[in-house]
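Printed here is start.cif (mmCIF, N, CA and C atoms):
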```cif
data_protein
loop_
_atom_site.label_atom_id
_atom_site.label_comp_id
_atom_site.auth_asym_id
_atom_site.auth_seq_id
_atom_site.Cartn_x
_atom_site.Cartn_y
_atom_site.Cartn_z
N MET A 7 22.55 12.73 -38.20
CA MET A 7 23.29 11.57 -37.71
C MET A 7 23.58 11.76 -36.23
N ASN A 8 23.40 10.71 -35.47
CA ASN A 8 23.68 10.73 -34.05
C ASN A 8 24.97 9.98 -33.76
N HIS A 9 25.56 10.30 -32.62
CA HIS A 9 26.75 9.59 -32.15
C HIS A 9 26.28 8.51 -31.19
N TYR A 10 26.75 7.28 -31.40
CA TYR A 10 26.38 6.16 -30.55
C TYR A 10 27.63 5.46 -30.04
N GLU A 11 27.43 4.73 -28.96
CA GLU A 11 28.50 3.92 -28.39
C GLU A 11 27.87 2.61 -27.97
N THR A 12 28.52 1.51 -28.26
CA THR A 12 28.04 0.22 -27.81
C THR A 12 29.16 -0.53 -27.12
N VAL A 13 28.81 -1.19 -26.05
CA VAL A 13 29.73 -2.07 -25.34
C VAL A 13 29.04 -3.42 -25.27
N PHE A 14 29.77 -4.45 -25.65
CA PHE A 14 29.20 -5.79 -25.55
C PHE A 14 30.22 -6.75 -24.97
N ILE A 15 29.71 -7.79 -24.32
CA ILE A 15 30.54 -8.79 -23.66
C ILE A 15 30.32 -10.11 -24.37
N LEU A 16 31.41 -10.71 -24.85
CA LEU A 16 31.35 -12.01 -25.50
C LEU A 16 31.77 -13.10 -24.52
N THR A 17 31.25 -14.28 -24.72
CA THR A 17 31.55 -15.40 -23.84
C THR A 17 33.05 -15.71 -23.83
N PRO A 18 33.60 -16.10 -22.68
CA PRO A 18 35.05 -16.31 -22.56
C PRO A 18 35.55 -17.62 -23.19
N VAL A 19 34.67 -18.50 -23.63
CA VAL A 19 35.10 -19.78 -24.18
C VAL A 19 35.54 -19.68 -25.64
N LEU A 20 35.47 -18.48 -26.22
CA LEU A 20 35.86 -18.28 -27.61
C LEU A 20 37.37 -18.19 -27.76
N SER A 21 37.87 -18.64 -28.90
CA SER A 21 39.27 -18.42 -29.22
C SER A 21 39.44 -16.98 -29.68
N ASP A 22 40.67 -16.53 -29.83
CA ASP A 22 40.92 -15.16 -30.31
C ASP A 22 40.32 -14.95 -31.69
N ALA A 23 40.47 -15.94 -32.56
CA ALA A 23 39.94 -15.81 -33.92
C ALA A 23 38.41 -15.71 -33.90
N GLN A 24 37.76 -16.52 -33.08
CA GLN A 24 36.30 -16.48 -32.99
C GLN A 24 35.81 -15.14 -32.43
N MET A 25 36.54 -14.62 -31.45
CA MET A 25 36.17 -13.34 -30.86
C MET A 25 36.30 -12.22 -31.89
N LYS A 26 37.39 -12.20 -32.63
CA LYS A 26 37.59 -11.17 -33.66
C LYS A 26 36.55 -11.32 -34.77
N GLU A 27 36.19 -12.54 -35.10
CA GLU A 27 35.18 -12.78 -36.12
C GLU A 27 33.82 -12.23 -35.68
N ALA A 28 33.48 -12.41 -34.41
CA ALA A 28 32.21 -11.90 -33.89
C ALA A 28 32.19 -10.37 -33.91
N VAL A 29 33.30 -9.75 -33.53
CA VAL A 29 33.39 -8.29 -33.55
C VAL A 29 33.25 -7.78 -34.98
N GLU A 30 33.91 -8.44 -35.93
CA GLU A 30 33.82 -8.04 -37.33
C GLU A 30 32.39 -8.18 -37.85
N LYS A 31 31.67 -9.20 -37.37
CA LYS A 31 30.29 -9.40 -37.79
C LYS A 31 29.42 -8.21 -37.38
N PHE A 32 29.60 -7.73 -36.14
CA PHE A 32 28.81 -6.60 -35.67
C PHE A 32 29.22 -5.30 -36.36
N LYS A 33 30.51 -5.16 -36.66
CA LYS A 33 30.95 -3.99 -37.41
C LYS A 33 30.36 -4.00 -38.82
N ALA A 34 30.24 -5.20 -39.40
CA ALA A 34 29.65 -5.33 -40.73
C ALA A 34 28.18 -4.95 -40.72
N VAL A 35 27.47 -5.30 -39.65
CA VAL A 35 26.06 -4.91 -39.52
C VAL A 35 25.96 -3.39 -39.53
N LEU A 36 26.86 -2.73 -38.83
CA LEU A 36 26.84 -1.27 -38.78
C LEU A 36 27.15 -0.66 -40.14
N THR A 37 28.24 -1.07 -40.75
CA THR A 37 28.65 -0.46 -42.02
C THR A 37 27.67 -0.77 -43.14
N LYS A 38 27.08 -1.97 -43.12
CA LYS A 38 26.10 -2.35 -44.15
C LYS A 38 24.87 -1.44 -44.10
N ASN A 39 24.54 -0.97 -42.90
CA ASN A 39 23.36 -0.12 -42.72
C ASN A 39 23.70 1.37 -42.73
N GLY A 40 24.89 1.72 -43.17
CA GLY A 40 25.22 3.13 -43.37
C GLY A 40 25.88 3.84 -42.20
N ALA A 41 26.29 3.11 -41.19
CA ALA A 41 26.96 3.75 -40.05
C ALA A 41 28.44 3.94 -40.35
N GLU A 42 29.01 4.94 -39.74
CA GLU A 42 30.46 5.19 -39.86
C GLU A 42 31.09 4.86 -38.51
N ILE A 43 32.00 3.90 -38.49
CA ILE A 43 32.65 3.50 -37.25
C ILE A 43 33.75 4.51 -36.94
N VAL A 44 33.65 5.12 -35.75
CA VAL A 44 34.58 6.16 -35.35
C VAL A 44 35.76 5.58 -34.56
N ASN A 45 35.45 4.64 -33.68
CA ASN A 45 36.48 4.09 -32.80
C ASN A 45 36.09 2.68 -32.40
N GLU A 46 37.10 1.84 -32.24
CA GLU A 46 36.88 0.48 -31.74
C GLU A 46 37.96 0.19 -30.71
N GLU A 47 37.55 -0.32 -29.56
CA GLU A 47 38.51 -0.67 -28.52
C GLU A 47 38.21 -2.08 -28.04
N ASN A 48 39.24 -2.89 -28.01
CA ASN A 48 39.12 -4.23 -27.47
C ASN A 48 39.69 -4.19 -26.05
N TRP A 49 38.82 -4.32 -25.06
CA TRP A 49 39.27 -4.24 -23.67
C TRP A 49 39.77 -5.57 -23.15
N GLY A 50 39.61 -6.63 -23.91
CA GLY A 50 40.16 -7.93 -23.54
C GLY A 50 39.29 -8.70 -22.56
N LEU A 51 39.87 -9.73 -22.00
CA LEU A 51 39.17 -10.60 -21.06
C LEU A 51 39.17 -9.95 -19.68
N ARG A 52 37.99 -9.72 -19.15
CA ARG A 52 37.85 -9.06 -17.84
C ARG A 52 36.88 -9.84 -16.97
N LYS A 53 37.03 -9.63 -15.69
CA LYS A 53 36.13 -10.26 -14.71
C LYS A 53 34.79 -9.54 -14.71
N LEU A 54 33.72 -10.30 -14.67
CA LEU A 54 32.38 -9.74 -14.61
C LEU A 54 32.03 -9.35 -13.18
N ALA A 55 31.16 -8.41 -13.02
CA ALA A 55 30.72 -7.97 -11.70
C ALA A 55 29.93 -9.07 -11.00
N TYR A 56 29.22 -9.87 -11.78
CA TYR A 56 28.44 -10.99 -11.25
C TYR A 56 28.39 -12.06 -12.33
N PRO A 57 28.22 -13.32 -11.95
CA PRO A 57 28.19 -14.39 -12.96
C PRO A 57 27.01 -14.24 -13.92
N ILE A 58 27.28 -14.47 -15.19
CA ILE A 58 26.26 -14.47 -16.23
C ILE A 58 26.37 -15.81 -16.94
N GLN A 59 25.30 -16.58 -16.95
CA GLN A 59 25.29 -17.91 -17.57
C GLN A 59 26.43 -18.77 -17.02
N HIS A 60 26.66 -18.71 -15.73
CA HIS A 60 27.69 -19.48 -15.02
C HIS A 60 29.11 -19.13 -15.47
N LYS A 61 29.31 -17.94 -16.00
CA LYS A 61 30.63 -17.49 -16.42
C LYS A 61 31.01 -16.26 -15.61
N SER A 62 32.27 -16.19 -15.21
CA SER A 62 32.71 -15.07 -14.37
C SER A 62 33.61 -14.09 -15.12
N THR A 63 33.94 -14.39 -16.39
CA THR A 63 34.75 -13.48 -17.19
C THR A 63 34.11 -13.34 -18.58
N GLY A 64 34.58 -12.34 -19.34
CA GLY A 64 34.08 -12.14 -20.69
C GLY A 64 34.97 -11.20 -21.47
N PHE A 65 34.89 -11.28 -22.79
CA PHE A 65 35.64 -10.39 -23.67
C PHE A 65 34.82 -9.11 -23.88
N TYR A 66 35.36 -7.98 -23.45
CA TYR A 66 34.68 -6.69 -23.58
C TYR A 66 35.16 -5.98 -24.85
N THR A 67 34.21 -5.37 -25.57
CA THR A 67 34.54 -4.59 -26.77
C THR A 67 33.67 -3.34 -26.79
N LEU A 68 34.28 -2.20 -27.14
CA LEU A 68 33.57 -0.94 -27.28
C LEU A 68 33.68 -0.48 -28.72
N ILE A 69 32.56 -0.06 -29.29
CA ILE A 69 32.55 0.50 -30.65
C ILE A 69 31.78 1.81 -30.61
N GLU A 70 32.41 2.88 -31.11
CA GLU A 70 31.74 4.17 -31.26
C GLU A 70 31.41 4.34 -32.73
N PHE A 71 30.19 4.80 -33.03
CA PHE A 71 29.80 4.97 -34.42
C PHE A 71 28.81 6.10 -34.57
N ASP A 72 28.75 6.63 -35.79
CA ASP A 72 27.79 7.65 -36.17
C ASP A 72 26.79 7.01 -37.12
N GLY A 73 25.50 7.28 -36.89
CA GLY A 73 24.50 6.70 -37.77
C GLY A 73 23.11 7.19 -37.47
N GLU A 74 22.17 6.67 -38.22
CA GLU A 74 20.76 7.00 -38.05
C GLU A 74 20.17 6.15 -36.92
N PRO A 75 19.10 6.62 -36.28
CA PRO A 75 18.48 5.88 -35.17
C PRO A 75 17.99 4.49 -35.54
N THR A 76 17.67 4.24 -36.80
CA THR A 76 17.16 2.93 -37.19
C THR A 76 18.23 1.84 -37.09
N ILE A 77 19.50 2.23 -37.12
CA ILE A 77 20.60 1.25 -37.06
C ILE A 77 20.62 0.56 -35.71
N VAL A 78 20.26 1.28 -34.65
CA VAL A 78 20.34 0.73 -33.30
C VAL A 78 19.48 -0.52 -33.16
N LYS A 79 18.28 -0.48 -33.69
CA LYS A 79 17.38 -1.63 -33.59
C LYS A 79 17.97 -2.84 -34.32
N GLN A 80 18.55 -2.61 -35.49
CA GLN A 80 19.14 -3.71 -36.25
C GLN A 80 20.36 -4.28 -35.53
N LEU A 81 21.17 -3.42 -34.92
CA LEU A 81 22.33 -3.89 -34.17
C LEU A 81 21.90 -4.70 -32.95
N GLU A 82 20.92 -4.21 -32.22
CA GLU A 82 20.44 -4.93 -31.04
C GLU A 82 19.84 -6.27 -31.43
N THR A 83 19.17 -6.35 -32.56
CA THR A 83 18.65 -7.63 -33.04
C THR A 83 19.79 -8.60 -33.33
N ALA A 84 20.86 -8.11 -33.94
CA ALA A 84 22.03 -8.95 -34.21
C ALA A 84 22.66 -9.44 -32.91
N PHE A 85 22.73 -8.57 -31.89
CA PHE A 85 23.27 -8.98 -30.59
C PHE A 85 22.40 -10.07 -29.97
N ARG A 86 21.10 -9.90 -30.02
CA ARG A 86 20.18 -10.88 -29.41
C ARG A 86 20.22 -12.23 -30.09
N ARG A 87 20.45 -12.24 -31.39
CA ARG A 87 20.47 -13.49 -32.14
C ARG A 87 21.76 -14.28 -31.99
N ASP A 88 22.82 -13.62 -31.54
CA ASP A 88 24.12 -14.28 -31.43
C ASP A 88 24.30 -14.83 -30.02
N GLU A 89 24.48 -16.14 -29.92
CA GLU A 89 24.62 -16.77 -28.60
C GLU A 89 25.97 -16.50 -27.95
N LYS A 90 26.91 -15.92 -28.69
CA LYS A 90 28.23 -15.59 -28.13
C LYS A 90 28.16 -14.35 -27.24
N VAL A 91 27.12 -13.54 -27.39
CA VAL A 91 26.99 -12.28 -26.65
C VAL A 91 26.32 -12.55 -25.31
N LEU A 92 27.04 -12.21 -24.22
CA LEU A 92 26.46 -12.34 -22.88
C LEU A 92 25.60 -11.14 -22.53
N ARG A 93 26.11 -9.93 -22.76
CA ARG A 93 25.40 -8.69 -22.49
C ARG A 93 25.81 -7.65 -23.52
N PHE A 94 24.94 -6.66 -23.72
CA PHE A 94 25.26 -5.55 -24.62
C PHE A 94 24.52 -4.31 -24.15
N LEU A 95 25.04 -3.17 -24.55
CA LEU A 95 24.41 -1.89 -24.26
C LEU A 95 24.73 -0.94 -25.41
N VAL A 96 23.72 -0.31 -25.96
CA VAL A 96 23.89 0.69 -27.02
C VAL A 96 23.23 1.96 -26.52
N PHE A 97 23.95 3.07 -26.58
CA PHE A 97 23.36 4.32 -26.16
C PHE A 97 23.85 5.48 -27.02
N ARG A 98 23.00 6.50 -27.11
CA ARG A 98 23.31 7.71 -27.88
C ARG A 98 24.09 8.67 -26.99
N LEU A 99 25.14 9.23 -27.55
CA LEU A 99 25.96 10.19 -26.82
C LEU A 99 25.40 11.60 -27.04
N ASP A 100 25.21 12.34 -25.96
CA ASP A 100 24.82 13.74 -26.12
C ASP A 100 26.09 14.54 -26.46
N LYS A 101 25.96 15.84 -26.63
CA LYS A 101 27.11 16.63 -27.10
C LYS A 101 28.26 16.59 -26.10
N ASN A 102 27.98 16.60 -24.80
CA ASN A 102 29.05 16.56 -23.80
C ASN A 102 29.75 15.21 -23.80
N ALA A 103 28.99 14.14 -23.90
CA ALA A 103 29.58 12.80 -23.93
C ALA A 103 30.40 12.60 -25.21
N ALA A 104 29.92 13.15 -26.32
CA ALA A 104 30.65 13.04 -27.59
C ALA A 104 31.97 13.80 -27.51
N GLU A 105 31.96 14.97 -26.88
CA GLU A 105 33.20 15.74 -26.69
C GLU A 105 34.17 14.98 -25.81
N TYR A 106 33.65 14.37 -24.73
CA TYR A 106 34.49 13.60 -23.83
C TYR A 106 35.10 12.40 -24.55
N ALA A 107 34.30 11.72 -25.38
CA ALA A 107 34.80 10.56 -26.11
C ALA A 107 35.90 10.97 -27.09
N ALA A 108 35.72 12.10 -27.76
CA ALA A 108 36.74 12.59 -28.69
C ALA A 108 38.02 12.95 -27.95
N LYS A 109 37.87 13.57 -26.79
CA LYS A 109 39.03 13.93 -25.97
C LYS A 109 39.77 12.68 -25.50
N ARG A 110 39.00 11.67 -25.08
CA ARG A 110 39.60 10.41 -24.61
C ARG A 110 40.35 9.72 -25.74
N ARG A 111 39.78 9.74 -26.96
CA ARG A 111 40.45 9.13 -28.11
C ARG A 111 41.75 9.86 -28.44
N SER A 112 41.72 11.19 -28.38
CA SER A 112 42.94 11.95 -28.71
C SER A 112 44.02 11.73 -27.66
N LEU A 113 43.63 11.65 -26.39
CA LEU A 113 44.62 11.37 -25.34
C LEU A 113 45.22 9.98 -25.50
N LYS A 114 44.39 9.03 -25.88
CA LYS A 114 44.85 7.66 -26.06
C LYS A 114 45.81 7.57 -27.24
N SER A 115 45.49 8.27 -28.34
CA SER A 115 46.37 8.24 -29.51
C SER A 115 47.68 8.98 -29.22
N ALA A 116 47.62 10.04 -28.41
CA ALA A 116 48.85 10.76 -28.04
C ALA A 116 49.73 9.89 -27.16
N ALA A 117 49.11 9.15 -26.26
CA ALA A 117 49.88 8.24 -25.40
C ALA A 117 50.52 7.12 -26.22
N LYS A 118 49.82 6.63 -27.22
CA LYS A 118 50.36 5.59 -28.10
C LYS A 118 51.55 6.13 -28.89
N ALA A 119 51.43 7.37 -29.35
CA ALA A 119 52.49 7.98 -30.15
C ALA A 119 53.77 8.16 -29.32
N THR A 120 53.62 8.52 -28.05
CA THR A 120 54.81 8.71 -27.22
C THR A 120 55.46 7.38 -26.86
N THR A 121 54.69 6.31 -26.71
CA THR A 121 55.28 5.00 -26.40
C THR A 121 55.97 4.41 -27.62
N ASN A 122 55.54 4.77 -28.84
CA ASN A 122 56.17 4.26 -30.05
C ASN A 122 57.48 4.97 -30.36
N GLU A 123 57.70 6.13 -29.80
CA GLU A 123 58.94 6.89 -30.09
C GLU A 123 60.10 6.42 -29.28
#
```
Final structure tokens representation of the file:
Amino acid sequence: MNHYETVFILTPVLSDAQMKEAVEKFKAVLTKNGAEIVNEENWGLRKLAYPIQHKSTGFYTLIEFDGEPTIVKQLETAFRRDEKVLRFLVFRLDKNAAEYAAKRRSLKSAAKATTNE
């Protein structure tokens, strides 16, 4: 099993419910094909570096998952078929990147725990 990370940008004209529904759809593609979702981060509405399809903002989402290499092709096909997706990127994490991602997750959870106290 490899460690993967995907970041995708959804069109800004979606409502919150539509955006969450789209994210759940892509998570379902992963879990249906045997991937284990490790982390999900919703980065919210952000400004794009350059206009894409005459839009200057988009909803950014990051999903980290473990799975077989065949899952990537199926996920990318799902991204391409969905007109809500402006851009996407899926890449395999090497051991150093996987360690960094785990460290970043633990720091984020520790920061959340201190703000809740």
Out of chain A, which residues get strand (DSSP E or B) from DSSP, as a ChimeraX atom specification? /A:8-16,42-58,61-73,91-99
Output file for the residues above (N, CA and C atoms, as a compact mmCIF listing (two decimals), in the frame of the given file):
```txt
# COMPACT_ATOMS: atom_id res chain seq x y z
N ASN A 8 23.40 10.71 -35.47
CA ASN A 8 23.68 10.73 -34.05
C ASN A 8 24.97 9.98 -33.76
N HIS A 9 25.56 10.30 -32.62
CA HIS A 9 26.75 9.59 -32.15
C HIS A 9 26.28 8.51 -31.19
N TYR A 10 26.75 7.28 -31.40
CA TYR A 10 26.38 6.16 -30.55
C TYR A 10 27.63 5.46 -30.04
N GLU A 11 27.43 4.73 -28.96
CA GLU A 11 28.50 3.92 -28.39
C GLU A 11 27.87 2.61 -27.97
N THR A 12 28.52 1.51 -28.26
CA THR A 12 28.04 0.22 -27.81
C THR A 12 29.16 -0.53 -27.12
N VAL A 13 28.81 -1.19 -26.05
CA VAL A 13 29.73 -2.07 -25.34
C VAL A 13 29.04 -3.42 -25.27
N PHE A 14 29.77 -4.45 -25.65
CA PHE A 14 29.20 -5.79 -25.55
C PHE A 14 30.22 -6.75 -24.97
N ILE A 15 29.71 -7.79 -24.32
CA ILE A 15 30.54 -8.79 -23.66
C ILE A 15 30.32 -10.11 -24.37
N LEU A 16 31.41 -10.71 -24.85
CA LEU A 16 31.35 -12.01 -25.50
C LEU A 16 31.77 -13.10 -24.52
N GLU A 42 29.01 4.94 -39.74
CA GLU A 42 30.46 5.19 -39.86
C GLU A 42 31.09 4.86 -38.51
N ILE A 43 32.00 3.90 -38.49
CA ILE A 43 32.65 3.50 -37.25
C ILE A 43 33.75 4.51 -36.94
N VAL A 44 33.65 5.12 -35.75
CA VAL A 44 34.58 6.16 -35.35
C VAL A 44 35.76 5.58 -34.56
N ASN A 45 35.45 4.64 -33.68
CA ASN A 45 36.48 4.09 -32.80
C ASN A 45 36.09 2.68 -32.40
N GLU A 46 37.10 1.84 -32.24
CA GLU A 46 36.88 0.48 -31.74
C GLU A 46 37.96 0.19 -30.71
N GLU A 47 37.55 -0.32 -29.56
CA GLU A 47 38.51 -0.67 -28.52
C GLU A 47 38.21 -2.08 -28.04
N ASN A 48 39.24 -2.89 -28.01
CA ASN A 48 39.12 -4.23 -27.47
C ASN A 48 39.69 -4.19 -26.05
N TRP A 49 38.82 -4.32 -25.06
CA TRP A 49 39.27 -4.24 -23.67
C TRP A 49 39.77 -5.57 -23.15
N GLY A 50 39.61 -6.63 -23.91
CA GLY A 50 40.16 -7.93 -23.54
C GLY A 50 39.29 -8.70 -22.56
N LEU A 51 39.87 -9.73 -22.00
CA LEU A 51 39.17 -10.60 -21.06
C LEU A 51 39.17 -9.95 -19.68
N ARG A 52 37.99 -9.72 -19.15
CA ARG A 52 37.85 -9.06 -17.84
C ARG A 52 36.88 -9.84 -16.97
N LYS A 53 37.03 -9.63 -15.69
CA LYS A 53 36.13 -10.26 -14.71
C LYS A 53 34.79 -9.54 -14.71
N LEU A 54 33.72 -10.30 -14.67
CA LEU A 54 32.38 -9.74 -14.61
C LEU A 54 32.03 -9.35 -13.18
N ALA A 55 31.16 -8.41 -13.02
CA ALA A 55 30.72 -7.97 -11.70
C ALA A 55 29.93 -9.07 -11.00
N TYR A 56 29.22 -9.87 -11.78
CA TYR A 56 28.44 -10.99 -11.25
C TYR A 56 28.39 -12.06 -12.33
N PRO A 57 28.22 -13.32 -11.95
CA PRO A 57 28.19 -14.39 -12.96
C PRO A 57 27.01 -14.24 -13.92
N ILE A 58 27.28 -14.47 -15.19
CA ILE A 58 26.26 -14.47 -16.23
C ILE A 58 26.37 -15.81 -16.94
N LYS A 61 29.31 -17.94 -16.00
CA LYS A 61 30.63 -17.49 -16.42
C LYS A 61 31.01 -16.26 -15.61
N SER A 62 32.27 -16.19 -15.21
CA SER A 62 32.71 -15.07 -14.37
C SER A 62 33.61 -14.09 -15.12
N THR A 63 33.94 -14.39 -16.39
CA THR A 63 34.75 -13.48 -17.19
C THR A 63 34.11 -13.34 -18.58
N GLY A 64 34.58 -12.34 -19.34
CA GLY A 64 34.08 -12.14 -20.69
C GLY A 64 34.97 -11.20 -21.47
N PHE A 65 34.89 -11.28 -22.79
CA PHE A 65 35.64 -10.39 -23.67
C PHE A 65 34.82 -9.11 -23.88
N TYR A 66 35.36 -7.98 -23.45
CA TYR A 66 34.68 -6.69 -23.58
C TYR A 66 35.16 -5.98 -24.85
N THR A 67 34.21 -5.37 -25.57
CA THR A 67 34.54 -4.59 -26.77
C THR A 67 33.67 -3.34 -26.79
N LEU A 68 34.28 -2.20 -27.14
CA LEU A 68 33.57 -0.94 -27.28
C LEU A 68 33.68 -0.48 -28.72
N ILE A 69 32.56 -0.06 -29.29
CA ILE A 69 32.55 0.50 -30.65
C ILE A 69 31.78 1.81 -30.61
N GLU A 70 32.41 2.88 -31.11
CA GLU A 70 31.74 4.17 -31.26
C GLU A 70 31.41 4.34 -32.73
N PHE A 71 30.19 4.80 -33.03
CA PHE A 71 29.80 4.97 -34.42
C PHE A 71 28.81 6.10 -34.57
N ASP A 72 28.75 6.63 -35.79
CA ASP A 72 27.79 7.65 -36.17
C ASP A 72 26.79 7.01 -37.12
N GLY A 73 25.50 7.28 -36.89
CA GLY A 73 24.50 6.70 -37.77
C GLY A 73 23.11 7.19 -37.47
N VAL A 91 27.12 -13.54 -27.39
CA VAL A 91 26.99 -12.28 -26.65
C VAL A 91 26.32 -12.55 -25.31
N LEU A 92 27.04 -12.21 -24.22
CA LEU A 92 26.46 -12.34 -22.88
C LEU A 92 25.60 -11.14 -22.53
N ARG A 93 26.11 -9.93 -22.76
CA ARG A 93 25.40 -8.69 -22.49
C ARG A 93 25.81 -7.65 -23.52
N PHE A 94 24.94 -6.66 -23.72
CA PHE A 94 25.26 -5.55 -24.62
C PHE A 94 24.52 -4.31 -24.15
N LEU A 95 25.04 -3.17 -24.55
CA LEU A 95 24.41 -1.89 -24.26
C LEU A 95 24.73 -0.94 -25.41
N VAL A 96 23.72 -0.31 -25.96
CA VAL A 96 23.89 0.69 -27.02
C VAL A 96 23.23 1.96 -26.52
N PHE A 97 23.95 3.07 -26.58
CA PHE A 97 23.36 4.32 -26.16
C PHE A 97 23.85 5.48 -27.02
N ARG A 98 23.00 6.50 -27.11
CA ARG A 98 23.31 7.71 -27.88
C ARG A 98 24.09 8.67 -26.99
N LEU A 99 25.14 9.23 -27.55
CA LEU A 99 25.96 10.19 -26.82
C LEU A 99 25.40 11.60 -27.04
```
Taking the file above as input, evaluate the PyMOL selection byres ((chain A and resi 53) around 6) and report the hits as a ChimeraX atom specification. /A:51-52,54-55,62-64
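Atom pair atom C of Asp72 of chain A / atom CA of Met25 of chain A: separated by 23.3 Å.
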Could you pull out the alpha helix (DSSP H) residues of segment 46-98 of chain A from DSSP and send them as a PyMOL selection string? chain A and resi 76-87
Would you mind exporting N, CA and C atoms of the selected residues as a PDB file, keeping the file's coordinate frame?
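again-v1.pdb, written as the output of this step:
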```
ATOM      1  N   THR A  76      17.670   4.240 -36.800  1.00  0.00           N
ATOM      2  CA  THR A  76      17.160   2.930 -37.190  1.00  0.00           C
ATOM      3  C   THR A  76      18.230   1.840 -37.090  1.00  0.00           C
ATOM      4  N   ILE A  77      19.500   2.230 -37.120  1.00  0.00           N
ATOM      5  CA  ILE A  77      20.600   1.250 -37.060  1.00  0.00           C
ATOM      6  C   ILE A  77      20.620   0.560 -35.710  1.00  0.00           C
ATOM      7  N   VAL A  78      20.260   1.280 -34.650  1.00  0.00           N
ATOM      8  CA  VAL A  78      20.340   0.730 -33.300  1.00  0.00           C
ATOM      9  C   VAL A  78      19.480  -0.520 -33.160  1.00  0.00           C
ATOM     10  N   LYS A  79      18.280  -0.480 -33.690  1.00  0.00           N
ATOM     11  CA  LYS A  79      17.380  -1.630 -33.590  1.00  0.00           C
ATOM     12  C   LYS A  79      17.970  -2.840 -34.320  1.00  0.00           C
ATOM     13  N   GLN A  80      18.550  -2.610 -35.490  1.00  0.00           N
ATOM     14  CA  GLN A  80      19.140  -3.710 -36.250  1.00  0.00           C
ATOM     15  C   GLN A  80      20.360  -4.280 -35.530  1.00  0.00           C
ATOM     16  N   LEU A  81      21.170  -3.420 -34.920  1.00  0.00           N
ATOM     17  CA  LEU A  81      22.330  -3.890 -34.170  1.00  0.00           C
ATOM     18  C   LEU A  81      21.900  -4.700 -32.950  1.00  0.00           C
ATOM     19  N   GLU A  82      20.920  -4.210 -32.220  1.00  0.00           N
ATOM     20  CA  GLU A  82      20.440  -4.930 -31.040  1.00  0.00           C
ATOM     21  C   GLU A  82      19.840  -6.270 -31.430  1.00  0.00           C
ATOM     22  N   THR A  83      19.170  -6.350 -32.560  1.00  0.00           N
ATOM     23  CA  THR A  83      18.650  -7.630 -33.040  1.00  0.00           C
ATOM     24  C   THR A  83      19.790  -8.600 -33.330  1.00  0.00           C
ATOM     25  N   ALA A  84      20.860  -8.110 -33.940  1.00  0.00           N
ATOM     26  CA  ALA A  84      22.030  -8.950 -34.210  1.00  0.00           C
ATOM     27  C   ALA A  84      22.660  -9.440 -32.910  1.00  0.00           C
ATOM     28  N   PHE A  85      22.730  -8.570 -31.890  1.00  0.00           N
ATOM     29  CA  PHE A  85      23.270  -8.980 -30.590  1.00  0.00           C
ATOM     30  C   PHE A  85      22.400 -10.070 -29.970  1.00  0.00           C
ATOM     31  N   ARG A  86      21.100  -9.900 -30.020  1.00  0.00           N
ATOM     32  CA  ARG A  86      20.180 -10.880 -29.410  1.00  0.00           C
ATOM     33  C   ARG A  86      20.220 -12.230 -30.090  1.00  0.00           C
ATOM     34  N   ARG A  87      20.450 -12.240 -31.390  1.00  0.00           N
ATOM     35  CA  ARG A  87      20.470 -13.490 -32.140  1.00  0.00           C
ATOM     36  C   ARG A  87      21.760 -14.280 -31.990  1.00  0.00           C
TER      37      ARG A  87
END
```
Counting only N, CA and C atoms, which of A:Ile77, A:Ile15, A:Ala84, A:Leu68 gets nearest to Gly40 of chain A?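 Closest residue, counting only N, CA and C atoms: A:Ile77.
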Given the PyMOL selection byres ((chain A and resi 44-48) around 6), the residues it picks as an NGL selection string: :A and (42-43 or 49-50 or 66-72)
For Leu16 of chain A: contacts at 6 Å, only N, CA and C atoms, fewer than 6 positions along chain excluded, given as a PDB file with N, CA and C atoms, in the frame of the given file:
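Below is the file out_38.pdb, written as the result:
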```pdb
ATOM      1  N   GLY A  64      34.580 -12.340 -19.340  1.00  0.00           N
ATOM      2  CA  GLY A  64      34.080 -12.140 -20.690  1.00  0.00           C
ATOM      3  C   GLY A  64      34.970 -11.200 -21.470  1.00  0.00           C
ATOM      4  N   PHE A  65      34.890 -11.280 -22.790  1.00  0.00           N
ATOM      5  CA  PHE A  65      35.640 -10.390 -23.670  1.00  0.00           C
ATOM      6  C   PHE A  65      34.820  -9.110 -23.880  1.00  0.00           C
ATOM      7  N   TYR A  66      35.360  -7.980 -23.450  1.00  0.00           N
ATOM      8  CA  TYR A  66      34.680  -6.690 -23.580  1.00  0.00           C
ATOM      9  C   TYR A  66      35.160  -5.980 -24.850  1.00  0.00           C
ATOM     10  N   LYS A  90      26.910 -15.920 -28.690  1.00  0.00           N
ATOM     11  CA  LYS A  90      28.230 -15.590 -28.130  1.00  0.00           C
ATOM     12  C   LYS A  90      28.160 -14.350 -27.240  1.00  0.00           C
ATOM     13  N   VAL A  91      27.120 -13.540 -27.390  1.00  0.00           N
ATOM     14  CA  VAL A  91      26.990 -12.280 -26.650  1.00  0.00           C
ATOM     15  C   VAL A  91      26.320 -12.550 -25.310  1.00  0.00           C
ATOM     16  N   LEU A  92      27.040 -12.210 -24.220  1.00  0.00           N
ATOM     17  CA  LEU A  92      26.460 -12.340 -22.880  1.00  0.00           C
ATOM     18  C   LEU A  92      25.600 -11.140 -22.530  1.00  0.00           C
ATOM     19  N   ARG A  93      26.110  -9.930 -22.760  1.00  0.00           N
ATOM     20  CA  ARG A  93      25.400  -8.690 -22.490  1.00  0.00           C
ATOM     21  C   ARG A  93      25.810  -7.650 -23.520  1.00  0.00           C
TER      22      ARG A  93
END
```
Just give me the gap between atom N of Leu95 of chain A and atom C of Ala107 of chain A in Å, one decimal is fine.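 Going from atom N of Leu95 of chain A over to atom C of Ala107 of chain A, I get 18.0 Å.
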So what does the PyMOL selection byres (((chain A and resi 10 and name CA) around 7) and name CA) actually pick up in this one, as a list in words?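 That expression, the PyMOL selection byres (((chain A and resi 10 and name CA) around 7) and name CA), corresponds here to Asn8, His9, Glu11, Thr12, Glu70, Phe71, Asp72, Val96, Phe97, Arg98 and Leu99 of chain A.
Rounded to one decimal, atom C of Phe14 of chain A and atom N of Ala28 of chain A lie 11.5 Å from each other.
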